[in-house]
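**Student:** Sharing a structure, written as structure tokens. Questions coming.
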Amino acid sequence: MDLEELMRRLFELYPEGYTDGSRDPFFVLISTVMSHRTRDNVTYPAAKRLFERFSTPEEMVEADVEEIEALIKEVGFYRVKAGRIKEISGILLKEYNGRVPDEMDTLLKLPGVGRKTANCVLAHAFLKDALAVDTHVHRISNRLGLVETKVPEKTEIELKKIFPQKYWKHINLLLVKLGQNICRPISPRCEVCVLNDMCPKIIL
DNA sequence: AAAACGGGGGC
DNA sequence: GCCCCAGTTTT
């Protein structure tokens with residue numbers, strides 16, 4: 001598999017690069033937590049609406065949790081997430097001087113932040129060489145025959161072995177976009193996929 | 001390893 | 001109406 005060619009085609013397809021929105025670490029963190037098990041076209045408008053009203057940990061801890069719930073009501077698990085947003089904001093203020101940590105081990109201590117979310121923050125907010133594996137990255141990597149495991153953390157390790165490090169931070173968003181539009185979980189649109197000639201699972 | 005959390009969008 | 005979704009936490 002020519003991974004340089006694979007990345008070249010994805011960058012050509014999605015030239016805006018690795019992030020659509022703000023690189024403010026707090027926005028990246030909160031919007032990523034909001035995105036859990038929720039489609040991007042639902043999550044993103046809700047995150048923008050939330051941040052028009054409250055945009056800092058200080059404002060978030062002062063906010064009425066019911067108002068946060070109302071602002072993000074379309075996303076799944078909105079009650080749990082609203083609580084976590086307040087909880088995370090409080091911890092950031094109390095433990096980290098109001099800043100979002102830029103280390104994996106520290107990010108993982110925040111409630112609702114697992115390896116995927118932490119990697120997204122590291123890659124998209126701090127431009128570090130992190131590789132976030134979500135269901136899209138996992139599914140597409142398997143279809144392309146790049147990995148075989150069903151364990152996301154192993155997928156992360158295997159992808160880091162085969163992709164040049166300079167690409168790691170871009171892989172998540174590029175494959176998420178491909179996964180939403182083309183390489184969908186069900187009925188993938190292989191006939192319009194720029195990778196179809198290098199994919200063992202092509203369906204025409 | 002598997003279940004629970006959950007409202008909204010696509011079909 | 002039914003099925004699935006940018007995961008994480010708990011059992």
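The chains in the structure tokens are called A, B, ... from first to last as shown; in each chain the residues are counted from 1, and the ligands are counted from 1 in the order shown.
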So that I can check the surroundings of Gly179 in chain A, please list as JSON, numbers by chain every protein, DNA and RNA residue that reaches within 8 Å of it, counting only C-alpha atoms (C1' of nucleotides) and ignoring chain neighbours fewer than 4 positions away.

**Tutor:** {"A": [136, 137, 140, 175, 183, 184, 185]}

**Student:** Write a file of the just-selected residues containing N, CA and C atoms, as a PDB file, in the first residue's frame.

**Tutor:**
ATOM      1  N   HIS A 136     -14.718   5.527  12.662  1.00  0.00           N
ATOM      2  CA  HIS A 136     -14.434   5.720  11.237  1.00  0.00           C
ATOM      3  C   HIS A 136     -13.010   5.275  10.905  1.00  0.00           C
ATOM      4  N   VAL A 137     -12.043   5.754  11.680  1.00  0.00           N
ATOM      5  CA  VAL A 137     -10.645   5.378  11.450  1.00  0.00           C
ATOM      6  C   VAL A 137     -10.497   3.869  11.544  1.00  0.00           C
ATOM      7  N   ILE A 140     -12.349   2.076   8.415  1.00  0.00           N
ATOM      8  CA  ILE A 140     -11.681   2.292   7.131  1.00  0.00           C
ATOM      9  C   ILE A 140     -10.318   1.613   7.111  1.00  0.00           C
ATOM     10  N   LEU A 175     -10.141  10.790   7.671  1.00  0.00           N
ATOM     11  CA  LEU A 175     -10.893   9.539   7.567  1.00  0.00           C
ATOM     12  C   LEU A 175     -12.308   9.683   8.099  1.00  0.00           C
ATOM     13  N   CYS A 183     -17.013   6.353   2.619  1.00  0.00           N
ATOM     14  CA  CYS A 183     -16.771   5.026   3.180  1.00  0.00           C
ATOM     15  C   CYS A 183     -17.656   4.822   4.403  1.00  0.00           C
ATOM     16  N   ARG A 184     -18.968   4.874   4.161  1.00  0.00           N
ATOM     17  CA  ARG A 184     -19.934   4.813   5.251  1.00  0.00           C
ATOM     18  C   ARG A 184     -19.993   3.411   5.848  1.00  0.00           C
ATOM     19  N   PRO A 185     -20.450   3.320   7.097  1.00  0.00           N
ATOM     20  CA  PRO A 185     -20.539   2.002   7.737  1.00  0.00           C
ATOM     21  C   PRO A 185     -21.381   1.035   6.904  1.00  0.00           C
TER      22      PRO A 185
END

**Student:** Could the residues of chain A within 7 Å of chain C, counting only C-alpha atoms (C1' of nucleotides), be given as a count of residues only, please?

**Tutor:** 9

**Student:** With distances taken over only C-alpha atoms, which residue among A:Glu58, A:Asp197, A:Glu4, A:Glu156 lies nearest Lys94 in chain A?

**Tutor:**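 Under the stated criterion, the closest residue is A:Glu58.
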
**Student:** Expressed in Å to a single decimal, how great is the separation between CA of Ala46 in chain A and CA of Thr32 in chain A?

**Tutor:**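 Taking CA of Ala46 in chain A and CA of Thr32 in chain A, their separation equals 11.6 Å.
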
**Student:** Just need the residues of chain B within 7 Å of chain A, counting only C-alpha atoms (C1' of nucleotides), so spit them out as an NGL selection string.

**Tutor:** :B and (5-8)

**Student:** Quick check for you: according to DSSP on this backbone, which residues of range 3-200 of chain A are classed as helix (DSSP H, G or I)? Reply as a CSV table (one decimal) with N, CA and C atoms, in the first residue's frame.

**Tutor:**
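Dumped everything to selection-v7.csv:
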chain,number,residue,atom,x,y,z
A,3,LEU,N,1.2,4.6,1.1
A,3,LEU,CA,0.5,5.5,2.0
A,3,LEU,C,0.7,7.0,1.7
A,4,GLU,N,1.8,7.3,1.1
A,4,GLU,CA,2.0,8.7,0.6
A,4,GLU,C,1.0,9.0,-0.4
A,5,GLU,N,0.7,8.1,-1.3
A,5,GLU,CA,-0.3,8.4,-2.3
A,5,GLU,C,-1.7,8.5,-1.7
A,6,LEU,N,-1.9,7.6,-0.8
A,6,LEU,CA,-3.2,7.6,-0.1
A,6,LEU,C,-3.5,9.0,0.6
A,7,MET,N,-2.5,9.5,1.3
A,7,MET,CA,-2.6,10.8,2.0
A,7,MET,C,-2.7,11.9,1.0
A,8,ARG,N,-2.0,11.8,-0.1
A,8,ARG,CA,-2.0,12.8,-1.1
A,8,ARG,C,-3.5,13.0,-1.7
A,9,ARG,N,-4.1,11.9,-1.9
A,9,ARG,CA,-5.5,11.9,-2.5
A,9,ARG,C,-6.5,12.4,-1.4
A,10,LEU,N,-6.3,12.1,-0.2
A,10,LEU,CA,-7.2,12.6,0.9
A,10,LEU,C,-7.0,14.1,1.1
A,11,PHE,N,-5.8,14.6,1.0
A,11,PHE,CA,-5.5,16.0,1.2
A,11,PHE,C,-6.1,16.8,0.0
A,12,GLU,N,-6.1,16.1,-1.2
A,12,GLU,CA,-6.6,16.8,-2.4
A,12,GLU,C,-8.1,16.8,-2.3
A,13,LEU,N,-8.7,15.8,-1.7
A,13,LEU,CA,-10.2,15.7,-1.6
A,13,LEU,C,-10.7,16.7,-0.5
A,25,PRO,N,-8.0,25.3,22.5
A,25,PRO,CA,-8.0,24.0,23.2
A,25,PRO,C,-9.3,23.7,23.9
A,26,PHE,N,-9.9,24.7,24.6
A,26,PHE,CA,-11.1,24.5,25.3
A,26,PHE,C,-12.3,24.1,24.4
A,27,PHE,N,-12.3,24.8,23.3
A,27,PHE,CA,-13.4,24.5,22.3
A,27,PHE,C,-13.2,23.1,21.7
A,28,VAL,N,-12.0,22.7,21.4
A,28,VAL,CA,-11.7,21.4,20.9
A,28,VAL,C,-12.0,20.3,21.9
A,29,LEU,N,-11.7,20.6,23.1
A,29,LEU,CA,-12.0,19.6,24.2
A,29,LEU,C,-13.5,19.4,24.4
A,30,ILE,N,-14.2,20.5,24.6
A,30,ILE,CA,-15.6,20.4,24.8
A,30,ILE,C,-16.4,19.9,23.6
A,31,SER,N,-16.1,20.4,22.4
A,31,SER,CA,-16.8,19.9,21.3
A,31,SER,C,-16.5,18.4,21.0
A,32,THR,N,-15.3,18.0,21.3
A,32,THR,CA,-15.0,16.6,21.1
A,32,THR,C,-15.8,15.7,22.1
A,33,VAL,N,-15.9,16.2,23.4
A,33,VAL,CA,-16.7,15.4,24.4
A,33,VAL,C,-18.1,15.4,23.9
A,34,MET,N,-18.6,16.5,23.3
A,34,MET,CA,-20.0,16.5,22.9
A,34,MET,C,-20.2,15.6,21.7
A,40,ASP,N,-21.5,14.4,13.5
A,40,ASP,CA,-20.9,15.7,13.4
A,40,ASP,C,-21.8,16.8,13.0
A,41,ASN,N,-22.7,16.6,12.1
A,41,ASN,CA,-23.6,17.6,11.6
A,41,ASN,C,-24.6,18.0,12.7
A,42,VAL,N,-24.7,17.3,13.8
A,42,VAL,CA,-25.5,17.6,14.9
A,42,VAL,C,-24.7,18.3,16.0
A,43,THR,N,-23.5,17.7,16.2
A,43,THR,CA,-22.6,18.2,17.2
A,43,THR,C,-22.1,19.6,17.0
A,44,TYR,N,-21.6,19.9,15.8
A,44,TYR,CA,-20.9,21.1,15.5
A,44,TYR,C,-21.8,22.4,15.7
A,45,PRO,N,-23.0,22.4,15.1
A,45,PRO,CA,-23.8,23.6,15.4
A,45,PRO,C,-24.1,23.8,16.9
A,46,ALA,N,-24.3,22.7,17.6
A,46,ALA,CA,-24.6,22.8,19.0
A,46,ALA,C,-23.4,23.3,19.8
A,47,ALA,N,-22.2,22.9,19.4
A,47,ALA,CA,-21.0,23.4,20.1
A,47,ALA,C,-20.8,24.9,19.8
A,48,LYS,N,-21.0,25.3,18.5
A,48,LYS,CA,-20.9,26.7,18.2
A,48,LYS,C,-21.9,27.6,19.0
A,49,ARG,N,-23.1,27.0,19.1
A,49,ARG,CA,-24.2,27.8,19.9
A,49,ARG,C,-23.8,27.9,21.4
A,50,LEU,N,-23.3,26.8,21.9
A,50,LEU,CA,-22.8,26.8,23.3
A,50,LEU,C,-21.8,27.8,23.5
A,51,PHE,N,-20.8,27.9,22.6
A,51,PHE,CA,-19.6,28.8,22.8
A,51,PHE,C,-20.0,30.3,22.5
A,52,GLU,N,-21.1,30.5,21.8
A,52,GLU,CA,-21.5,31.9,21.6
A,52,GLU,C,-22.0,32.4,22.9
A,53,ARG,N,-22.5,31.5,23.8
A,53,ARG,CA,-23.1,31.9,25.1
A,53,ARG,C,-22.0,31.8,26.1
A,57,PRO,N,-13.8,28.3,30.6
A,57,PRO,CA,-14.1,27.5,31.8
A,57,PRO,C,-14.7,28.4,32.9
A,58,GLU,N,-14.3,29.6,33.0
A,58,GLU,CA,-14.9,30.5,34.0
A,58,GLU,C,-16.3,30.7,33.8
A,59,GLU,N,-16.7,31.0,32.5
A,59,GLU,CA,-18.1,31.2,32.2
A,59,GLU,C,-18.9,29.9,32.3
A,60,MET,N,-18.3,28.8,32.0
A,60,MET,CA,-18.9,27.5,32.0
A,60,MET,C,-19.3,27.1,33.5
A,61,VAL,N,-18.4,27.3,34.4
A,61,VAL,CA,-18.7,26.9,35.8
A,61,VAL,C,-19.7,27.8,36.4
A,62,GLU,N,-19.8,29.0,36.0
A,62,GLU,CA,-20.8,29.9,36.5
A,62,GLU,C,-22.2,29.7,35.9
A,65,VAL,N,-26.5,24.8,34.8
A,65,VAL,CA,-26.4,23.5,34.0
A,65,VAL,C,-27.6,23.3,33.1
A,66,GLU,N,-28.7,23.8,33.6
A,66,GLU,CA,-29.9,23.6,32.7
A,66,GLU,C,-29.9,24.4,31.5
A,67,GLU,N,-29.2,25.6,31.5
A,67,GLU,CA,-29.0,26.4,30.3
A,67,GLU,C,-28.1,25.7,29.4
A,68,ILE,N,-27.0,25.1,29.9
A,68,ILE,CA,-26.1,24.3,29.0
A,68,ILE,C,-26.8,23.1,28.4
A,69,GLU,N,-27.7,22.4,29.2
A,69,GLU,CA,-28.4,21.3,28.6
A,69,GLU,C,-29.3,21.8,27.5
A,70,ALA,N,-30.0,22.9,27.7
A,70,ALA,CA,-30.9,23.5,26.6
A,70,ALA,C,-30.1,23.8,25.4
A,71,LEU,N,-28.9,24.4,25.5
A,71,LEU,CA,-28.1,24.8,24.4
A,71,LEU,C,-27.6,23.6,23.5
A,78,TYR,N,-27.1,14.3,26.2
A,78,TYR,CA,-26.9,15.8,26.5
A,78,TYR,C,-26.8,16.1,28.0
A,79,ARG,N,-27.6,15.3,28.8
A,79,ARG,CA,-27.6,15.6,30.2
A,79,ARG,C,-26.2,15.2,30.9
A,80,VAL,N,-25.8,14.0,30.5
A,80,VAL,CA,-24.5,13.6,31.0
A,80,VAL,C,-23.4,14.6,30.5
A,81,LYS,N,-23.5,14.9,29.3
A,81,LYS,CA,-22.4,15.8,28.7
A,81,LYS,C,-22.4,17.2,29.3
A,82,ALA,N,-23.6,17.7,29.6
A,82,ALA,CA,-23.7,19.1,30.2
A,82,ALA,C,-23.0,19.0,31.6
A,83,GLY,N,-23.3,17.9,32.3
A,83,GLY,CA,-22.7,17.8,33.6
A,83,GLY,C,-21.2,17.7,33.5
A,84,ARG,N,-20.7,16.9,32.5
A,84,ARG,CA,-19.3,16.8,32.4
A,84,ARG,C,-18.6,18.1,32.0
A,85,ILE,N,-19.3,18.8,31.1
A,85,ILE,CA,-18.7,20.1,30.7
A,85,ILE,C,-18.5,21.0,31.9
A,86,LYS,N,-19.4,21.1,32.8
A,86,LYS,CA,-19.3,21.9,34.0
A,86,LYS,C,-18.2,21.3,34.9
A,87,GLU,N,-18.2,19.9,35.0
A,87,GLU,CA,-17.2,19.3,35.9
A,87,GLU,C,-15.8,19.5,35.3
A,88,ILE,N,-15.6,19.3,34.0
A,88,ILE,CA,-14.3,19.5,33.4
A,88,ILE,C,-13.9,21.0,33.6
A,89,SER,N,-14.8,21.9,33.4
A,89,SER,CA,-14.4,23.3,33.6
A,89,SER,C,-13.9,23.6,35.0
A,90,GLY,N,-14.6,23.0,36.0
A,90,GLY,CA,-14.2,23.2,37.4
A,90,GLY,C,-12.8,22.7,37.6
A,91,ILE,N,-12.5,21.5,37.1
A,91,ILE,CA,-11.2,20.9,37.3
A,91,ILE,C,-10.1,21.7,36.6
A,92,LEU,N,-10.4,22.2,35.4
A,92,LEU,CA,-9.4,23.0,34.7
A,92,LEU,C,-9.1,24.2,35.5
A,93,LEU,N,-10.1,24.8,36.1
A,93,LEU,CA,-9.8,26.0,36.9
A,93,LEU,C,-9.1,25.7,38.2
A,94,LYS,N,-9.5,24.6,38.8
A,94,LYS,CA,-8.9,24.3,40.1
A,94,LYS,C,-7.5,23.7,40.1
A,95,GLU,N,-7.4,22.8,39.1
A,95,GLU,CA,-6.1,22.0,39.0
A,95,GLU,C,-5.1,22.5,38.0
A,104,MET,N,-1.1,13.6,27.4
A,104,MET,CA,-2.1,12.4,27.4
A,104,MET,C,-2.5,12.0,28.8
A,105,ASP,N,-1.5,11.7,29.7
A,105,ASP,CA,-1.9,11.2,31.0
A,105,ASP,C,-2.8,12.2,31.8
A,106,THR,N,-2.5,13.5,31.7
A,106,THR,CA,-3.3,14.5,32.4
A,106,THR,C,-4.7,14.6,31.8
A,107,LEU,N,-4.8,14.6,30.5
A,107,LEU,CA,-6.1,14.7,29.8
A,107,LEU,C,-7.0,13.5,30.2
A,115,ARG,N,-9.1,7.9,25.5
A,115,ARG,CA,-8.0,8.0,24.6
A,115,ARG,C,-8.3,8.8,23.3
A,116,LYS,N,-9.4,8.5,22.7
A,116,LYS,CA,-9.8,9.1,21.4
A,116,LYS,C,-9.9,10.6,21.6
A,117,THR,N,-10.6,11.1,22.6
A,117,THR,CA,-10.8,12.5,22.9
A,117,THR,C,-9.4,13.2,23.2
A,118,ALA,N,-8.6,12.6,24.0
A,118,ALA,CA,-7.3,13.1,24.4
A,118,ALA,C,-6.5,13.3,23.1
A,119,ASN,N,-6.5,12.3,22.3
A,119,ASN,CA,-5.7,12.4,21.0
A,119,ASN,C,-6.2,13.5,20.1
A,120,CYS,N,-7.5,13.7,20.1
A,120,CYS,CA,-8.0,14.8,19.3
A,120,CYS,C,-7.6,16.1,19.8
A,121,VAL,N,-7.6,16.3,21.1
A,121,VAL,CA,-7.1,17.5,21.7
A,121,VAL,C,-5.6,17.8,21.4
A,122,LEU,N,-4.8,16.7,21.6
A,122,LEU,CA,-3.4,16.8,21.3
A,122,LEU,C,-3.1,17.2,19.9
A,123,ALA,N,-3.8,16.5,18.9
A,123,ALA,CA,-3.6,16.7,17.5
A,123,ALA,C,-4.1,18.0,17.0
A,124,HIS,N,-5.4,18.3,17.3
A,124,HIS,CA,-6.1,19.4,16.7
A,124,HIS,C,-5.9,20.8,17.4
A,125,ALA,N,-5.7,20.7,18.7
A,125,ALA,CA,-5.5,22.0,19.5
A,125,ALA,C,-4.0,22.3,19.7
A,135,THR,N,-14.5,5.2,15.4
A,135,THR,CA,-15.1,4.1,14.6
A,135,THR,C,-14.8,4.3,13.2
A,136,HIS,N,-14.7,5.5,12.7
A,136,HIS,CA,-14.4,5.7,11.2
A,136,HIS,C,-13.0,5.3,10.9
A,137,VAL,N,-12.0,5.8,11.7
A,137,VAL,CA,-10.6,5.4,11.5
A,137,VAL,C,-10.5,3.9,11.5
A,138,HIS,N,-11.2,3.3,12.5
A,138,HIS,CA,-11.1,1.9,12.7
A,138,HIS,C,-11.6,1.1,11.6
A,139,ARG,N,-12.8,1.4,11.2
A,139,ARG,CA,-13.5,0.7,10.1
A,139,ARG,C,-12.8,0.9,8.8
A,140,ILE,N,-12.3,2.1,8.4
A,140,ILE,CA,-11.7,2.3,7.1
A,140,ILE,C,-10.3,1.6,7.1
A,141,SER,N,-9.6,1.7,8.2
A,141,SER,CA,-8.3,1.0,8.3
A,141,SER,C,-8.5,-0.5,8.1
A,142,ASN,N,-9.5,-1.1,8.6
A,142,ASN,CA,-9.8,-2.5,8.4
A,142,ASN,C,-10.2,-2.8,7.0
A,143,ARG,N,-11.0,-1.9,6.4
A,143,ARG,CA,-11.4,-2.2,5.0
A,143,ARG,C,-10.2,-2.1,4.0
A,152,PRO,N,-9.2,-0.7,19.4
A,152,PRO,CA,-8.8,0.7,18.9
A,152,PRO,C,-7.4,1.0,19.3
A,153,GLU,N,-7.0,0.7,20.5
A,153,GLU,CA,-5.6,1.1,20.9
A,153,GLU,C,-4.6,0.4,20.1
A,154,LYS,N,-4.8,-0.9,19.8
A,154,LYS,CA,-3.9,-1.6,18.9
A,154,LYS,C,-3.9,-1.0,17.5
A,155,THR,N,-5.1,-0.6,17.0
A,155,THR,CA,-5.1,0.1,15.7
A,155,THR,C,-4.3,1.3,15.7
A,156,GLU,N,-4.3,2.1,16.8
A,156,GLU,CA,-3.5,3.3,16.9
A,156,GLU,C,-2.0,2.9,16.8
A,157,ILE,N,-1.6,1.9,17.5
A,157,ILE,CA,-0.2,1.5,17.5
A,157,ILE,C,0.2,1.0,16.1
A,158,GLU,N,-0.7,0.2,15.5
A,158,GLU,CA,-0.3,-0.3,14.2
A,158,GLU,C,-0.3,0.8,13.1
A,159,LEU,N,-1.2,1.7,13.2
A,159,LEU,CA,-1.2,2.8,12.2
A,159,LEU,C,0.0,3.7,12.3
A,160,LYS,N,0.4,3.9,13.6
A,160,LYS,CA,1.6,4.7,13.8
A,160,LYS,C,2.9,4.0,13.3
A,161,LYS,N,2.8,2.7,13.2
A,161,LYS,CA,4.0,2.0,12.6
A,161,LYS,C,4.1,2.2,11.1
A,162,ILE,N,2.9,2.2,10.5
A,162,ILE,CA,3.0,2.2,9.0
A,162,ILE,C,2.9,3.6,8.4
A,165,GLN,N,5.2,9.8,10.6
A,165,GLN,CA,4.7,10.6,11.7
A,165,GLN,C,4.1,11.9,11.4
A,166,LYS,N,4.6,12.5,10.3
A,166,LYS,CA,4.0,13.8,9.9
A,166,LYS,C,2.5,13.8,9.5
A,167,TYR,N,2.0,12.6,9.3
A,167,TYR,CA,0.6,12.4,8.9
A,167,TYR,C,-0.3,12.1,10.1
A,168,TRP,N,0.2,11.7,11.2
A,168,TRP,CA,-0.6,11.2,12.3
A,168,TRP,C,-1.8,12.1,12.7
A,169,LYS,N,-1.4,13.4,12.8
A,169,LYS,CA,-2.4,14.3,13.3
A,169,LYS,C,-3.6,14.6,12.3
A,170,HIS,N,-3.3,14.3,11.1
A,170,HIS,CA,-4.3,14.6,10.0
A,170,HIS,C,-5.3,13.4,9.8
A,171,ILE,N,-4.8,12.2,10.2
A,171,ILE,CA,-5.5,11.0,9.8
A,171,ILE,C,-7.0,11.0,10.3
A,172,ASN,N,-7.2,11.4,11.6
A,172,ASN,CA,-8.5,11.3,12.1
A,172,ASN,C,-9.5,12.0,11.3
A,173,LEU,N,-9.3,13.3,11.1
A,173,LEU,CA,-10.3,14.2,10.5
A,173,LEU,C,-10.5,13.8,9.0
A,174,LEU,N,-9.4,13.4,8.4
A,174,LEU,CA,-9.6,13.0,7.0
A,174,LEU,C,-10.4,11.8,6.8
A,175,LEU,N,-10.1,10.8,7.7
A,175,LEU,CA,-10.9,9.5,7.6
A,175,LEU,C,-12.3,9.7,8.1
A,176,VAL,N,-12.5,10.6,9.1
A,176,VAL,CA,-13.9,10.9,9.5
A,176,VAL,C,-14.7,11.4,8.4
A,177,LYS,N,-14.1,12.4,7.7
A,177,LYS,CA,-14.9,13.0,6.5
A,177,LYS,C,-15.1,11.9,5.5
A,178,LEU,N,-14.1,11.1,5.1
A,178,LEU,CA,-14.3,10.1,4.2
A,178,LEU,C,-15.4,9.1,4.7
A,179,GLY,N,-15.3,8.8,6.0
A,179,GLY,CA,-16.3,7.9,6.6
A,179,GLY,C,-17.7,8.3,6.6
A,180,GLN,N,-17.9,9.7,6.7
A,180,GLN,CA,-19.2,10.2,6.7
A,180,GLN,C,-19.8,10.3,5.3
A,181,ASN,N,-19.0,10.6,4.4
A,181,ASN,CA,-19.5,10.9,3.0
A,181,ASN,C,-19.4,9.8,2.1
A,190,CYS,N,-18.4,3.2,-2.9
A,190,CYS,CA,-17.1,2.9,-3.5
A,190,CYS,C,-16.9,3.5,-4.9
A,191,GLU,N,-18.0,3.6,-5.6
A,191,GLU,CA,-17.9,4.0,-7.0
A,191,GLU,C,-17.3,5.5,-7.1
A,192,VAL,N,-17.5,6.3,-6.0
A,192,VAL,CA,-17.0,7.6,-6.1
A,192,VAL,C,-15.8,7.8,-5.1
A,196,ASN,N,-10.6,3.8,-4.2
A,196,ASN,CA,-11.2,2.5,-4.5
A,196,ASN,C,-10.3,1.6,-5.2
A,197,ASP,N,-9.3,2.1,-5.9
A,197,ASP,CA,-8.4,1.2,-6.6
A,197,ASP,C,-7.3,0.6,-5.7
A,198,MET,N,-7.2,1.1,-4.5
A,198,MET,CA,-6.3,0.5,-3.5
A,198,MET,C,-7.0,-0.2,-2.4
